[in-house]
file work_9.pdb (PDB, C-alpha atoms and all ligand atoms)
MODEL        1
ATOM      1  CA  MET A   1    -158.198-113.386 102.332
ATOM      2  CA  THR A   2    -154.784-111.920 101.765
ATOM      3  CA  CYS A   3    -153.255-113.418 104.936
ATOM      4  CA  LEU A   4    -149.996-115.206 104.081
ATOM      5  CA  PHE A   5    -150.533-118.067 106.530
ATOM      6  CA  CYS A   6    -154.153-118.564 105.388
ATOM      7  CA  LYS A   7    -152.711-118.929 101.872
ATOM      8  CA  ILE A   8    -150.326-121.617 103.174
ATOM      9  CA  ILE A   9    -153.295-123.401 104.827
ATOM     10  CA  ARG A  10    -155.168-123.327 101.500
ATOM     11  CA  GLY A  11    -152.096-124.609  99.653
ATOM     12  CA  GLU A  12    -151.794-121.437  97.566
ATOM     13  CA  ILE A  13    -148.238-120.856  98.808
ATOM     14  CA  PRO A  14    -145.905-123.841  99.205
ATOM     15  CA  ALA A  15    -144.486-124.703 102.625
ATOM     16  CA  THR A  16    -142.691-127.653 104.152
ATOM     17  CA  ILE A  17    -145.479-129.054 106.278
ATOM     18  CA  VAL A  18    -144.416-131.174 109.253
ATOM     19  CA  TYR A  19    -147.838-131.698 110.861
ATOM     20  CA  GLU A  20    -151.477-131.199 109.951
ATOM     21  CA  ASP A  21    -154.823-132.030 111.510
ATOM     22  CA  GLU A  22    -158.320-130.516 111.333
ATOM     23  CA  GLU A  23    -157.417-127.607 113.613
ATOM     24  CA  PHE A  24    -153.693-126.932 113.162
ATOM     25  CA  LEU A  25    -150.893-126.754 110.654
ATOM     26  CA  ALA A  26    -147.150-126.789 111.398
ATOM     27  CA  PHE A  27    -144.502-125.957 108.810
ATOM     28  CA  LYS A  28    -140.835-125.023 108.629
ATOM     29  CA  ASP A  29    -139.999-121.336 108.947
ATOM     30  CA  ILE A  30    -138.700-120.009 105.618
ATOM     31  CA  ASN A  31    -135.886-118.176 107.415
ATOM     32  CA  PRO A  32    -134.866-120.510 110.268
ATOM     33  CA  ILE A  33    -132.991-119.091 113.236
ATOM     34  CA  ASP A  34    -131.929-122.524 114.467
ATOM     35  CA  LYS A  35    -131.363-126.057 113.170
ATOM     36  CA  VAL A  36    -135.052-126.782 113.696
ATOM     37  CA  HIS A  37    -137.529-123.900 113.415
ATOM     38  CA  VAL A  38    -141.198-124.711 113.017
ATOM     39  CA  LEU A  39    -144.263-122.455 113.042
ATOM     40  CA  ILE A  40    -147.547-123.768 114.428
ATOM     41  CA  ILE A  41    -150.784-122.068 113.444
ATOM     42  CA  PRO A  42    -154.504-122.623 113.967
ATOM     43  CA  LYS A  43    -156.454-123.088 110.743
ATOM     44  CA  ILE A  44    -159.047-120.546 111.876
ATOM     45  CA  HIS A  45    -157.620-117.095 111.196
ATOM     46  CA  THR A  46    -156.827-115.326 114.471
ATOM     47  CA  GLU A  47    -154.706-112.193 114.239
ATOM     48  CA  SER A  48    -152.595-112.332 117.341
ATOM     49  CA  LEU A  49    -152.421-113.316 120.996
ATOM     50  CA  LEU A  50    -153.557-109.730 121.581
ATOM     51  CA  ALA A  51    -156.869-110.607 119.889
ATOM     52  CA  CYS A  52    -157.419-113.722 122.019
ATOM     53  CA  ASN A  53    -159.818-114.126 124.927
ATOM     54  CA  GLU A  54    -161.341-116.961 126.981
ATOM     55  CA  ALA A  55    -162.902-118.391 123.814
ATOM     56  CA  HIS A  56    -159.394-119.140 122.530
ATOM     57  CA  GLN A  57    -158.201-120.875 125.696
ATOM     58  CA  SER A  58    -158.592-124.413 124.407
ATOM     59  CA  MET A  59    -156.944-123.613 121.045
ATOM     60  CA  LEU A  60    -153.967-121.970 122.777
ATOM     61  CA  GLY A  61    -153.489-124.873 125.186
ATOM     62  CA  LYS A  62    -153.667-127.417 122.382
ATOM     63  CA  MET A  63    -151.127-125.452 120.337
ATOM     64  CA  LEU A  64    -148.641-125.417 123.187
ATOM     65  CA  LEU A  65    -148.902-129.171 123.726
ATOM     66  CA  LEU A  66    -148.709-129.752 119.983
ATOM     67  CA  GLY A  67    -145.544-127.643 119.896
ATOM     68  CA  SER A  68    -143.875-129.923 122.421
ATOM     69  CA  LYS A  69    -144.966-133.024 120.496
ATOM     70  CA  ILE A  70    -143.709-131.656 117.166
ATOM     71  CA  ALA A  71    -140.412-130.490 118.696
ATOM     72  CA  GLN A  72    -139.781-133.987 120.004
ATOM     73  CA  GLU A  73    -140.796-135.534 116.678
ATOM     74  CA  GLN A  74    -138.244-133.233 115.047
ATOM     75  CA  GLY A  75    -135.575-134.759 117.301
ATOM     76  CA  LEU A  76    -135.269-131.924 119.819
ATOM     77  CA  VAL A  77    -134.642-132.768 123.461
ATOM     78  CA  GLY A  78    -135.059-129.095 124.413
ATOM     79  CA  PHE A  79    -136.536-126.169 122.567
ATOM     80  CA  ARG A  80    -137.673-122.565 122.772
ATOM     81  CA  THR A  81    -141.205-121.330 122.202
ATOM     82  CA  MET A  82    -141.762-117.772 121.030
ATOM     83  CA  ILE A  83    -144.979-115.896 120.369
ATOM     84  CA  ASN A  84    -144.526-112.403 118.964
ATOM     85  CA  SER A  85    -147.640-110.330 119.575
ATOM     86  CA  GLY A  86    -148.369-107.065 117.807
ATOM     87  CA  SER A  87    -145.986-105.018 115.667
ATOM     88  CA  LYS A  88    -144.379-103.639 118.821
ATOM     89  CA  GLY A  89    -143.853-107.245 119.910
ATOM     90  CA  GLY A  90    -142.019-108.173 116.721
ATOM     91  CA  GLN A  91    -144.989-109.797 114.971
ATOM     92  CA  GLU A  92    -144.678-109.603 111.191
ATOM     93  CA  VAL A  93    -147.344-112.043 110.054
ATOM     94  CA  PHE A  94    -150.721-111.270 111.588
ATOM     95  CA  HIS A  95    -152.031-114.812 111.883
ATOM     96  CA  ILE A  96    -151.200-116.126 115.350
ATOM     97  CA  HIS A  97    -148.270-118.540 115.371
ATOM     98  CA  PHE A  98    -145.970-120.211 117.857
ATOM     99  CA  HIS A  99    -142.294-120.437 116.923
ATOM    100  CA  ILE A 100    -140.709-123.685 118.109
ATOM    101  CA  TYR A 101    -136.960-123.816 117.629
ATOM    102  CA  GLY A 102    -133.778-125.410 118.855
ATOM    103  CA  GLY A 103    -131.082-127.890 117.950
ATOM    104  CA  SER A 104    -127.952-125.739 118.246
ATOM    105  CA  ASP A 105    -125.597-125.779 121.212
ATOM    106  CA  LYS A 106    -126.142-122.045 121.569
ATOM    107  CA  LEU A 107    -129.805-121.089 121.456
ATOM    108  CA  ALA A 108    -130.780-118.329 119.048
ATOM    109  CA  LYS A 109    -132.614-115.297 120.346
ATOM    110  CA  ILE A 110    -134.619-112.809 118.295
TER     111      ILE A 110
HETATM  112  P1  LIG B   1    -143.228-113.179 113.354
HETATM  113  O1  LIG B   1    -142.140-112.158 113.260
HETATM  114  O2  LIG B   1    -144.542-112.674 112.793
HETATM  115  O3  LIG B   1    -143.372-113.772 114.722
HETATM  116  O4  LIG B   1    -142.756-114.396 112.475
HETATM  117  C1  LIG B   1    -143.100-114.583 111.146
HETATM  118  C2  LIG B   1    -142.252-115.727 110.654
HETATM  119  O5  LIG B   1    -142.783-116.173 109.425
HETATM  120  C3  LIG B   1    -140.796-115.326 110.387
HETATM  121  O6  LIG B   1    -139.932-116.108 111.199
HETATM  122  C4  LIG B   1    -140.615-115.597 108.902
HETATM  123  O7  LIG B   1    -139.347-116.136 108.592
HETATM  124  C5  LIG B   1    -141.736-116.561 108.589
HETATM  125  N1  LIG B   1    -142.236-116.473 107.230
HETATM  126  C6  LIG B   1    -142.534-115.329 106.553
HETATM  127  N2  LIG B   1    -142.999-115.622 105.319
HETATM  128  C7  LIG B   1    -142.988-116.985 105.223
HETATM  129  C8  LIG B   1    -143.353-117.894 104.163
HETATM  130  O8  LIG B   1    -143.804-117.514 103.073
HETATM  131  N3  LIG B   1    -143.198-119.215 104.420
HETATM  132  C9  LIG B   1    -142.728-119.691 105.627
HETATM  133  N4  LIG B   1    -142.605-121.004 105.755
HETATM  134  N5  LIG B   1    -142.375-118.857 106.632
HETATM  135  C10 LIG B   1    -142.509-117.529 106.433
HETATM  136 ZN    ZN B   2    -154.689-116.012 108.356
ENDMDL
END

call {"tool": "encode", "arguments": {"input": "work_9.pdb", "output": "structure tokens"}}
result
Amino acid sequence: MTCLFCKIIRGEIPATIVYEDEEFLAFKDINPIDKVHVLIIPKIHTESLLACNEAHQSMLGKMLLLGSKIAQEQGLVGFRTMINSGSKGGQEVFHIHFHIYGGSDKLAKI
């Protein structure tokens, strides 16, 4: 598996991990666009939201709730969630991930 985020899950590439359980991993974005910028990924490789269907419903719901929990644990009282889907949607790493970011007075947009 050459997927970058699968390599992070396997510990082959270092990352600053902020949360881990059996299903999910959350780590700091290497190029943060805000004071706090965390990526949340499922441990099972899934390319993109474009590749998801009803079978992924539970995973997606859990990820969203986990994002809110992690954001609050990181000290955020408000945050943005971003999911880039497909190359035309700005996705660069093809392992589904939620961006959770915030902390500045002026919110970053990408
Ligand atoms: P995308 O554009 O696919 O939604 O976001 C990919 C994100 O992954 C980018 O924000 C980028 O900074 C981050 N990223 C890329 N390579 C690495 C890496 O090796 N480690 C970490 N922690 N983040 C990465
Ligand atoms: Zn992967």

call {"tool": "resolve_selection", "arguments": {"input": "work_9.pdb", "expression": "the PyMOL selection byres (((not hetatm)) within 9 of (chain B and resi 2))", "output": "PyMOL selection string"}}
result
chain A and resi 1-9+41-47+93-96

call {"tool": "residues_near_ligand", "arguments": {"input": "work_9.pdb", "ligand": "ligand LIG 1 (chain B)", "cutoff": "8 Å", "atoms": "all atoms listed in the file", "output": "NGL selection string"}}
result
:A and (4-5 or 8 or 13-16 or 27-33 or 39 or 82-85 or 90-99)

call {"tool": "resolve_selection", "arguments": {"input": "work_9.pdb", "expression": "the PyMOL selection byres (((chain A and resi 34) around 9) and not hetatm)", "output": "PyMOL selection string"}}
result
chain A and resi 32-33+35-37+101-104+107-108

call {"tool": "write_last_selection", "arguments": {"input": "work_9.pdb", "atoms": "C-alpha atoms", "output": "CSV table (one decimal), keeping the file's coordinate frame"}}
result
chain,number,residue,atom,x,y,z
A,32,PRO,CA,-134.9,-120.5,110.3
A,33,ILE,CA,-133.0,-119.1,113.2
A,35,LYS,CA,-131.4,-126.1,113.2
A,36,VAL,CA,-135.1,-126.8,113.7
A,37,HIS,CA,-137.5,-123.9,113.4
A,101,TYR,CA,-137.0,-123.8,117.6
A,102,GLY,CA,-133.8,-125.4,118.9
A,103,GLY,CA,-131.1,-127.9,118.0
A,104,SER,CA,-128.0,-125.7,118.2
A,107,LEU,CA,-129.8,-121.1,121.5
A,108,ALA,CA,-130.8,-118.3,119.0

call {"tool": "closest_residue", "arguments": {"input": "work_9.pdb", "among": "A:Leu25, A:Leu50, A:Gly86, A:Ala55", "to": "Ile70 (chain A)", "atoms": "only C-alpha atoms"}}
result
A:Leu25

call {"tool": "residues_near_point", "arguments": {"input": "work_9.pdb", "point": "(-144.5, -133.5, 119.5)", "cutoff": "12 Å", "atoms": "only C-alpha atoms", "output": "list in words"}}
result
Val18, Tyr19, Ala26, Val38, Ile40, Lys62, Met63, Leu64, Leu65, Leu66, Gly67, Ser68, Lys69, Ile70, Ala71, Gln72, Glu73, Gln74, Gly75, Leu76, Val77, Gly78, Phe79 and Ile100 of chain A

call {"tool": "atom_distance", "arguments": {"input": "work_9.pdb", "atom1": "CA of Leu49 (chain A)", "atom2": "CA of Ser87 (chain A)"}}
result
11.8 Å

call {"tool": "atom_distance", "arguments": {"input": "work_9.pdb", "atom1": "CA of Arg80 (chain A)", "atom2": "CA of His56 (chain A)"}}
result
22.0 Å

call {"tool": "atom_distance", "arguments": {"input": "work_9.pdb", "atom1": "CA of Glu22 (chain A)", "atom2": "CA of Ser58 (chain A)"}}
result
14.4 Å

call {"tool": "axis_aligned_box", "arguments": {"input": "work_9.pdb", "around": "region 66-78 of chain A", "padding_each_side": "8 Å", "output": "AutoDock Vina command-line options"}}
result
--center_x -141.7 --center_y -131.6 --center_z 119.7 --size_x 30.1 --size_y 23.9 --size_z 25.4
